[in-house]
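Structure first, then comments.
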Amino acid sequence: MYDAIVVGARISGASVAMLLAKLGYRVLLVDRASFPSPTSSSTNLIHPPGVYRLRKWGVLDRLADRTGPAITRYRLQTGSVRLEAPLPAVGDVQHALSPPRLALDHSLVQCAVDAGVELREGVSVQDLLRDDDGAVAGIVGTVRGQGRFLEKASIVIGADGKNSSVAQLVGATKYREQPVLSRSSWTYWEGLPQESLVRTYRKNQRHPFTWPTHDGLTIVGVAWPADSFPARGSAESTDQVVIDAFADVDEDFAEQLRDTRRADRWLTGAVPNFLRVPQGSGWALTGDSAATRDPITASGITYALMGAELLAHAVDTGLSGRRPMAQAMATYARDRDHMVLHHYDYTCDYARVAEHSPEERALIEAMSRSPRHARDMIGLFATVVSPTDFYTRSNFRELFDYLNDAGGLPLKIRLLRLLLHGIPGPQAVPAAVADRLIAGRLGLMGRLLLRSRKPEAITIRTPRMEGKQQ
């Protein structure tokens with residue numbers, strides 16, 4: 001009898017198994033593969049919250065020199081507007097990493113085994129055991145070359161990916177579903193300078209991206225809206241399509257691509273978007289089993305690590321008897337939604353690869369002129385800052401003080417600023433009107449503002465207001 005059986009030994013499964021074993025629980029970890037084992041395509045970027053956890057758990061020590069260079073800055077360029085800022089810190093970690101998935105997966109599995117986890121490879125889970133009340137009580141599986149087996153546990157955890165067998169066997173309901181929204185082509189490139197920078201671009205419904213990764217290589221790719229993804233041709237034709245997309249936004253980088261060469265085959269990224277109910281009687285889900293999102297924000301690994309930590313804490317709360325397991329798991333479901341929901345919605349919106357309006361570009365340029373806004377916008381993409389904390393009315397009212405008049409502003413932005421600062425009378429009245437107008441004229445930004453928390457009933461003091469009083 002195990003305390004927990006974890007199905008799936010990739011990032012989320014190995015992590016939750018390791019954390020539970022470190023707490024003294026008896027854990028069985030099963031997977032179809034034998035490790036080290038390659039996985040499906042992954043751009044393997046880990047944002048600071050994930051790096052922080054890997055370091056805390058000792059996994060980075062196991063990876064040693066395979067982590068790749070520390071990435072300290074992210075850039076967003078839309079049209080001619082460029083926003084670049086250092087990453088916000090998580091604890092004392094202020095960088096991202098892009099290690100090879102093969103090494104990362106294997107290091108996590110090794111750390112789990114070192115912590116006391118029992119690993120069985122080549123296992124296919126066929127069914128779940130149930131007790132007299134219908135609660136999940138274990139697994140029925142087969143081992144390659146050995147036949148059928150049964151194992152019991154207090155809880156069975158599904159960490160077996162977006163097509164999770166555990167999720168299907170328990171009938172875990174999907175919600176907030178979206179279809180495939182973007183498709184990307186990406187690969188590894190050799191010979192490019194290893195800058196400590198993630199570059200992303202947005203122009204003509206294309207989203208080029210690039211950052212340094214392991215072994216002196218660089219990830220290079222482009223995402224398109226799902227319905228405009230170019231027809232697959234030869235590898236050489238894809239080279240040209242991608243280089244042309246970069247030439248449209250960054251000719252200097254495109255020239256570097258022409259002078260160097262692709263080091264691997266082209267891979268395609270495209271997944272549907274959904275959340276699943278992550279727990280029930282005797283079972284729980286984590287990682288892509290519980291929430292699958294478009295890869296365009298490169299947040300999958302980071303959320304897998306964060307979710308594993310959240311689930312391990314909840315399972316420990318239940319197994320230790322500090323709270324009934326049903327209550328502990330209900331809290332896990334609530335906290336999981338709080339952790340992922342807003343960034344999930346942000347990712348789905350971002351994945352539509354919509355053009356930024358002139359008004360949105362004016363505000364992005366304003367962010368680039370405000371160190372705090374720039375850092376937080378970068379932190380939003382990097383899963384450090386919640387959309388509900390960034391897309392607030394008060395934050396955007398302050399942002400209007402950083403607009404670039406010298407560059408010429410769209411008429412709508414000038415009118416909105418006039419509402420904020422040019423009409424005599426109490427600040428709260430024009431601001432309330434401007435809030436609605438801003439949200440109605442800012443596309444994705446406006447939708448995020450409308451979803452954000454309502455501001456507190458206080459007067460927001462902006463730098464422009466303070467300046468007038470001096």
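Going through the structure tokens in order, the chains are called A, B, and so on, while each chain numbers its residues from 1 and the ligands are numbered from 1 in the order shown.
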Open item on the list: For Ser154 in chain A, find every residue with an atom within 10 Å (counting only C-alpha atoms), except residues of its own chain fewer than 6 positions away, and show them as a PyMOL selection string.
Closed with: chain A and resi 1-5+135-138+282-283+315+318-319+325
May I have the selected residues written with N, CA and C atoms, as a compact mmCIF listing (two decimals), in the first residue's frame?
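Output saved as again_6.txt:
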```
# COMPACT_ATOMS: atom_id res chain seq x y z
N MET A 1 0.85 -1.20 0.00
CA MET A 1 0.00 0.00 0.00
C MET A 1 0.89 1.25 0.00
N TYR A 2 0.68 2.09 -1.01
CA TYR A 2 1.44 3.33 -1.11
C TYR A 2 0.61 4.49 -0.57
N ASP A 3 1.31 5.52 -0.13
CA ASP A 3 0.60 6.75 0.22
C ASP A 3 0.10 7.43 -1.06
N ALA A 4 0.92 7.42 -2.10
CA ALA A 4 0.53 8.05 -3.37
C ALA A 4 1.12 7.28 -4.53
N ILE A 5 0.34 7.16 -5.58
CA ILE A 5 0.84 6.67 -6.87
C ILE A 5 0.72 7.81 -7.86
N ALA A 135 -14.53 5.49 -4.42
CA ALA A 135 -13.34 6.34 -4.45
C ALA A 135 -12.19 5.59 -5.11
N VAL A 136 -11.34 6.31 -5.83
CA VAL A 136 -10.16 5.71 -6.44
C VAL A 136 -9.24 5.21 -5.33
N ALA A 137 -8.73 3.98 -5.50
CA ALA A 137 -7.92 3.36 -4.45
C ALA A 137 -6.63 2.75 -4.98
N GLY A 138 -6.33 2.94 -6.27
CA GLY A 138 -5.11 2.38 -6.82
C GLY A 138 -5.18 2.28 -8.32
N GLY A 282 -10.19 10.42 -4.03
CA GLY A 282 -9.07 9.51 -4.19
C GLY A 282 -8.15 9.83 -5.35
N TRP A 283 -8.37 10.92 -6.04
CA TRP A 283 -7.52 11.24 -7.19
C TRP A 283 -7.29 12.74 -7.33
N VAL A 315 -1.72 17.33 -0.67
CA VAL A 315 -1.72 15.91 -0.35
C VAL A 315 -1.12 15.68 1.04
N GLY A 318 -3.63 16.42 3.71
CA GLY A 318 -4.61 15.36 3.89
C GLY A 318 -4.03 14.10 4.48
N LEU A 319 -2.87 13.64 3.98
CA LEU A 319 -2.29 12.40 4.47
C LEU A 319 -1.84 12.52 5.92
N MET A 325 -8.84 14.74 3.95
CA MET A 325 -8.32 14.77 2.59
C MET A 325 -9.28 15.49 1.64
```
TODO: Excluding Pro86 in chain A and any residue of its chain fewer than 3 positions from it, enumerate the residues within 7 Å of it, using only C-alpha atoms, and give them as a PyMOL selection string.
DONE: chain A and resi 72-74+375
- [ ] Tell me, as JSON, numbers by chain, which residues lie within 9 Å of range 181-186 of chain A, counting only C-alpha atoms; anything in the same chain fewer than 5 positions away does not count.
- [x] {"A": [43, 207, 209, 219, 220, 221, 222, 223, 224, 225, 226, 227, 228, 229, 238, 242, 265, 266, 267, 268, 269, 270, 271, 272, 273, 294, 295, 296, 348, 349, 351, 352, 353]}
- [ ] Step one, run DSSP on the backbone; step two, keep only residues of range 55-281 of chain A assigned to alpha helix (DSSP H); then write them as a PyMOL selection string.
- [x] chain A and resi 55-57+59-63+101-114+165-170+235-247+251-259
Could you pull the residues within 8 Å of Thr286 in chain A, counting only C-alpha atoms, minus those fewer than 4 positions along the same chain, as a short mmCIF file (atom, residue, chain, number, x, y, z; two decimals) with N, CA, C and O atoms, in the first residue's frame?
```cif
data_model
loop_
_atom_site.label_atom_id
_atom_site.label_comp_id
_atom_site.auth_asym_id
_atom_site.auth_seq_id
_atom_site.Cartn_x
_atom_site.Cartn_y
_atom_site.Cartn_z
N SER A 12 5.93 17.53 -14.10
CA SER A 12 4.99 17.67 -12.99
C SER A 12 4.95 16.40 -12.14
O SER A 12 4.93 16.46 -10.90
N GLY A 13 4.94 15.22 -12.76
CA GLY A 13 4.85 13.98 -12.02
C GLY A 13 6.09 13.71 -11.19
O GLY A 13 5.98 13.34 -10.00
N ILE A 157 -2.42 10.18 -8.49
CA ILE A 157 -2.20 11.49 -9.11
C ILE A 157 -1.92 11.30 -10.59
O ILE A 157 -1.00 10.57 -10.97
N GLY A 158 -2.71 11.95 -11.42
CA GLY A 158 -2.50 11.92 -12.86
C GLY A 158 -1.61 13.08 -13.28
O GLY A 158 -1.98 14.24 -13.12
N ALA A 159 -0.44 12.74 -13.81
CA ALA A 159 0.49 13.75 -14.34
C ALA A 159 0.94 13.28 -15.72
O ALA A 159 2.10 13.42 -16.09
N PRO A 278 -9.52 19.42 -11.17
CA PRO A 278 -8.24 18.78 -10.85
C PRO A 278 -8.26 17.79 -9.69
O PRO A 278 -7.20 17.32 -9.29
N ALA A 290 -4.04 18.64 -15.88
CA ALA A 290 -5.00 19.51 -15.21
C ALA A 290 -5.27 20.79 -15.96
O ALA A 290 -6.36 21.37 -15.85
N ALA A 291 -4.30 21.26 -16.74
CA ALA A 291 -4.46 22.53 -17.46
C ALA A 291 -3.50 22.55 -18.64
O ALA A 291 -2.29 22.47 -18.44
N ALA A 304 3.94 23.74 -14.49
CA ALA A 304 4.04 22.35 -14.05
C ALA A 304 4.76 22.27 -12.71
O ALA A 304 4.36 21.51 -11.81
N GLY A 307 2.52 23.98 -9.99
CA GLY A 307 1.37 23.14 -9.68
C GLY A 307 1.75 21.91 -8.88
O GLY A 307 0.99 21.47 -7.99
N ALA A 308 2.92 21.32 -9.17
CA ALA A 308 3.38 20.16 -8.42
C ALA A 308 3.59 20.52 -6.95
O ALA A 308 3.23 19.76 -6.04
N LEU A 311 0.15 20.93 -5.26
CA LEU A 311 -0.51 19.66 -5.01
C LEU A 311 0.18 18.88 -3.90
O LEU A 311 -0.48 18.27 -3.05
#
```
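Closest approach to Ser370 in chain A from the set A:Glu177, A:Asp239, A:Glu398, A:Glu309 is made by A:Glu398, with distances taken over only C-alpha atoms.
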- [ ] Extract, using only C-alpha atoms, all DNA, RNA and protein residues at most 10 Å from Thr210 in chain A, discarding same-chain residues fewer than 2 positions from it, and format them as a PyMOL selection string.
- [x] chain A and resi 43+186-189+197-201+208+212-213+218-222+246+253
Please build the interface table for range 143-251 of chain A against range 124-127 of chain A with a cut-off of 8 Å, listing for each qualifying residue the nearest atom pair and the distance in Å to one decimal; count only C-alpha atoms, order rows by chain and increasing number, and write it as JSON lines.
```
{"residue": "A:Val143", "atom": "CA", "partner": "A:Ser124", "partner_atom": "CA", "distance": 6.5}
{"residue": "A:Arg144", "atom": "CA", "partner": "A:Ser124", "partner_atom": "CA", "distance": 8.0}
{"residue": "A:Ser165", "atom": "CA", "partner": "A:Val125", "partner_atom": "CA", "distance": 7.4}
{"residue": "A:Leu169", "atom": "CA", "partner": "A:Asp127", "partner_atom": "CA", "distance": 6.9}
```
Can I get the selection written as a short mmCIF file (atom, residue, chain, number, x, y, z; two decimals), in the first residue's frame, with all heavy atoms?
```
data_model
loop_
_atom_site.label_atom_id
_atom_site.label_comp_id
_atom_site.auth_asym_id
_atom_site.auth_seq_id
_atom_site.Cartn_x
_atom_site.Cartn_y
_atom_site.Cartn_z
N VAL A 143 3.21 -3.99 -17.21
CA VAL A 143 4.61 -3.63 -17.37
C VAL A 143 5.13 -4.31 -18.62
O VAL A 143 4.89 -5.51 -18.82
CB VAL A 143 5.45 -4.07 -16.14
CG1 VAL A 143 6.91 -3.66 -16.32
CG2 VAL A 143 4.89 -3.46 -14.87
N ARG A 144 5.83 -3.55 -19.44
CA ARG A 144 6.34 -4.09 -20.69
C ARG A 144 7.17 -5.35 -20.43
O ARG A 144 8.15 -5.32 -19.68
CB ARG A 144 7.20 -3.02 -21.37
CG ARG A 144 7.54 -3.33 -22.80
CD ARG A 144 8.06 -2.10 -23.54
NE ARG A 144 9.07 -1.36 -22.80
CZ ARG A 144 8.95 -0.09 -22.45
NH1 ARG A 144 7.84 0.58 -22.73
NH2 ARG A 144 9.93 0.51 -21.80
N SER A 165 -4.63 9.52 -19.21
CA SER A 165 -5.45 8.33 -18.98
C SER A 165 -6.19 8.43 -17.66
O SER A 165 -7.36 8.03 -17.56
CB SER A 165 -4.57 7.08 -18.99
OG SER A 165 -3.99 6.88 -20.25
N LEU A 169 -10.18 8.18 -17.13
CA LEU A 169 -10.76 7.10 -16.32
C LEU A 169 -11.64 7.63 -15.20
O LEU A 169 -12.62 6.98 -14.82
CB LEU A 169 -9.64 6.22 -15.75
CG LEU A 169 -8.91 5.34 -16.77
CD1 LEU A 169 -7.65 4.74 -16.16
CD2 LEU A 169 -9.83 4.22 -17.26
#
```
